[in-house]
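J.: Below is one structure. I have some questions about it.
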Amino acid sequence: MPHKSGYINIIGNPNAGKSTLMNALVGEKLSIITSKAQTTRHRILGIVNDENFQLIFSDTPGIIRNPAYKMHEIMNSFVETAMIDADIILFIADVKEKTDYTEIIERLKASLVPVFVLLNKIDLSNQPDVEALIAQWKQNLPDAQVVPVSALHGFNISGLLNTIIELLPESPPYFPKDELTDKSMRFFVAEIIREKILLNYKQEIPYAVEVAVESYEESKDIIRIRAIIFAARESQKAILIGHQGSAIKKTGIMARTDIEEFVGRKVFLDLAVKVNKDWRDDENMLKRFGYEA
């Protein structure tokens, strides 16, 4: 049987469920998931290997229509690249979202590769509404496959996987067969910490901070990690730390627990907070954080 490989790129609006879908397809928690929009900031690959195929799933940031910072422009460039280098495009739409899809529909019409429109979160809708949406999308994109899914509950995921495998081009693997992702352990440590910030803080705080892992030292019994949370203002730093360090301590405990589960080792996590008011527009800082178009 000939070997198949390809890039299956997931695109869609913020909070449509791209990361949940990616993790359901890959079977590992590679992309952070919260109820807040714009959770994913990078393009993250999740690789599924089998004797006869290699599926390279790509989670992308949500499409930002009015970029406010250089960071947003780079995030949009990740989506642009994903549109170009895909062997299969998965466009995910929240069934409850009311938005104008005209621009993305025109781009998907021009695609030269198979396109799936995944109507996500159907568990929050009803059958007549879902059927109406399916008919509407089939009218908008006659060549696309329209599939109702629930990424959170795994509905239609295995069927989707089988169809993707059928459509993959014949190709040798692009990555070694024992690789799960293209990202480093430091990247996922930073993402886990950022996820806890998204969960623990309100308003602008999660969107005004970024995490950098300064050191990652493995010994026989423990992994020692030092990470810095960069905030945009002194007032944000104070909120991140909290009264007598209570907030940063809570974030650290939650992050350490998940990091230990992810790496399978005991972890000592040291968190610090620094202020860099222009980091979202500072090209050197953005490169440090991995934002390279």
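Numbering starts fresh at 1 for the residues of each chain in the structure tokens, the chains themselves are lettered A, B, ... in the order given, and ligands are numbered from 1 as they appear.
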Neighbouring residues of stretch 249-266 of chain A were defined as those with any atom within 9 Å, considering only C-alpha atoms; residues of the same chain fewer than 6 positions away were excluded. Please report them as a PyMOL selection string.
T.: chain A and resi 29+185+188-189+192-197+199-200+221-224+240-242
J.: Find the spatial neighbours of A:Leu160, counting only C-alpha atoms, within a cut-off of 12 Å - ignore same-chain residues fewer than 6 positions away - and output them as a list in words.
T.: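 Here the qualifying residues turn out to be Ile8, Leu21, Ala24, Leu25, Ile88, Leu90, Phe116, Val117, Leu118, Gln145, Val146, Val147, Pro148, Val149, Ser150, Ala151, Gly154, Glu166 and Leu167 of chain A.
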J.: Take the residues from that selection and write them out as a PDB file, in the first residue's frame, keeping C-alpha atoms.
T.:
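Final output, saved to again32.pdb:
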```pdb
ATOM      1  CA  ILE A   8      -4.399  19.310   7.095  1.00  0.00           C
ATOM      2  CA  LEU A  21     -10.717  20.004  17.145  1.00  0.00           C
ATOM      3  CA  ALA A  24      -9.448  15.668  19.324  1.00  0.00           C
ATOM      4  CA  LEU A  25      -7.864  14.715  15.995  1.00  0.00           C
ATOM      5  CA  ILE A  88      -6.597  19.698   2.876  1.00  0.00           C
ATOM      6  CA  LEU A  90     -10.621  22.322   7.483  1.00  0.00           C
ATOM      7  CA  PHE A 116     -14.190  20.738   4.557  1.00  0.00           C
ATOM      8  CA  VAL A 117     -16.618  23.070   6.292  1.00  0.00           C
ATOM      9  CA  LEU A 118     -16.976  21.774   9.832  1.00  0.00           C
ATOM     10  CA  GLN A 145     -17.716  18.703   2.162  1.00  0.00           C
ATOM     11  CA  VAL A 146     -19.962  20.089   4.913  1.00  0.00           C
ATOM     12  CA  VAL A 147     -19.727  18.054   8.118  1.00  0.00           C
ATOM     13  CA  PRO A 148     -21.514  18.725  11.434  1.00  0.00           C
ATOM     14  CA  VAL A 149     -19.184  17.964  14.365  1.00  0.00           C
ATOM     15  CA  SER A 150     -18.773  18.407  18.076  1.00  0.00           C
ATOM     16  CA  ALA A 151     -15.045  18.641  18.694  1.00  0.00           C
ATOM     17  CA  GLY A 154     -15.952  13.726  19.636  1.00  0.00           C
ATOM     18  CA  GLU A 166      -8.720   8.779   1.833  1.00  0.00           C
ATOM     19  CA  LEU A 167      -8.046  12.232   0.350  1.00  0.00           C
TER      20      LEU A 167
END
```
J.: What lies within 8 Å of A:Lys18 using only C-alpha atoms, ignoring chain neighbours under 3 positions off, as a ChimeraX atom specification?
T.: /A:10-12,15,21-22,59-60,92
J.: If you count only C-alpha atoms, which residues fall within 9 Å of A:Gln236, apart from same-chain ones fewer than 3 positions away, as a ChimeraX atom specification?
T.: /A:204-205,208-209,231-233,239-241,275
J.: Taking the DSSP assignment computed from this structure's backbone, write out as a PyMOL selection string all residues of stretch 12-225 of chain A that belong to helix (DSSP H, G or I).
T.: chain A and resi 18-26+70-84+102-109+122-124+127-140+157-167+185-200+205-207
J.: I'd like the neighbourhood of A:Ser184 as a count of residues only, where a residue qualifies if any of its atoms comes within 12 Å (using only C-alpha atoms), though same-chain residues fewer than 5 positions away should be ignored.
T.: 11
J.: Show me, as a tab-separated table (two decimals) with N, CA and C atoms, in the first residue's frame, the residues that have an atom within 12 Å of A:Tyr101 when counting only C-alpha atoms, minus same-chain residues fewer than 5 positions from it.
T.:
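What follows is the written file result_19.tsv:
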```
chain	number	residue	atom	x	y	z
A	12	GLY	N	-10.27	29.33	10.92
A	12	GLY	CA	-11.59	29.77	11.38
A	12	GLY	C	-11.49	30.99	12.25
A	13	ASN	N	-12.62	31.50	12.69
A	13	ASN	CA	-12.66	32.67	13.55
A	13	ASN	C	-12.20	32.33	14.96
A	63	ILE	N	-8.76	34.23	12.82
A	63	ILE	CA	-8.57	35.34	11.88
A	63	ILE	C	-8.93	36.65	12.57
A	65	ARG	N	-9.66	40.48	12.14
A	65	ARG	CA	-10.05	41.36	11.03
A	65	ARG	C	-9.46	42.76	11.14
A	91	PHE	N	-12.14	24.22	7.43
A	91	PHE	CA	-12.66	25.51	7.91
A	91	PHE	C	-13.72	25.22	8.95
A	92	ILE	N	-13.51	25.71	10.15
A	92	ILE	CA	-14.42	25.40	11.25
A	92	ILE	C	-15.26	26.63	11.58
A	93	ALA	N	-16.57	26.41	11.67
A	93	ALA	CA	-17.51	27.49	11.97
A	93	ALA	C	-18.37	27.09	13.17
A	94	ASP	N	-18.52	27.99	14.09
A	94	ASP	CA	-19.37	27.79	15.26
A	94	ASP	C	-20.83	27.94	14.82
A	106	GLU	N	-15.06	33.33	-0.43
A	106	GLU	CA	-14.42	33.59	-1.73
A	106	GLU	C	-13.03	32.96	-1.78
A	107	ARG	N	-12.31	33.01	-0.67
A	107	ARG	CA	-10.96	32.41	-0.64
A	107	ARG	C	-11.03	30.89	-0.70
A	108	LEU	N	-12.01	30.32	-0.01
A	108	LEU	CA	-12.16	28.87	-0.04
A	108	LEU	C	-12.61	28.38	-1.42
A	117	VAL	N	-16.00	22.10	5.39
A	117	VAL	CA	-16.62	23.07	6.29
A	117	VAL	C	-17.16	22.28	7.48
A	136	GLN	N	-27.16	25.85	3.59
A	136	GLN	CA	-26.61	27.18	3.27
A	136	GLN	C	-25.16	27.08	2.85
A	137	TRP	N	-24.35	26.29	3.60
A	137	TRP	CA	-22.93	26.16	3.27
A	137	TRP	C	-22.73	25.38	1.97
A	140	ASN	N	-23.20	27.87	-0.65
A	140	ASN	CA	-22.07	28.80	-0.71
A	140	ASN	C	-20.82	28.16	-1.30
A	141	LEU	N	-20.59	26.88	-0.94
A	141	LEU	CA	-19.37	26.18	-1.36
A	141	LEU	C	-19.76	24.78	-1.88
```
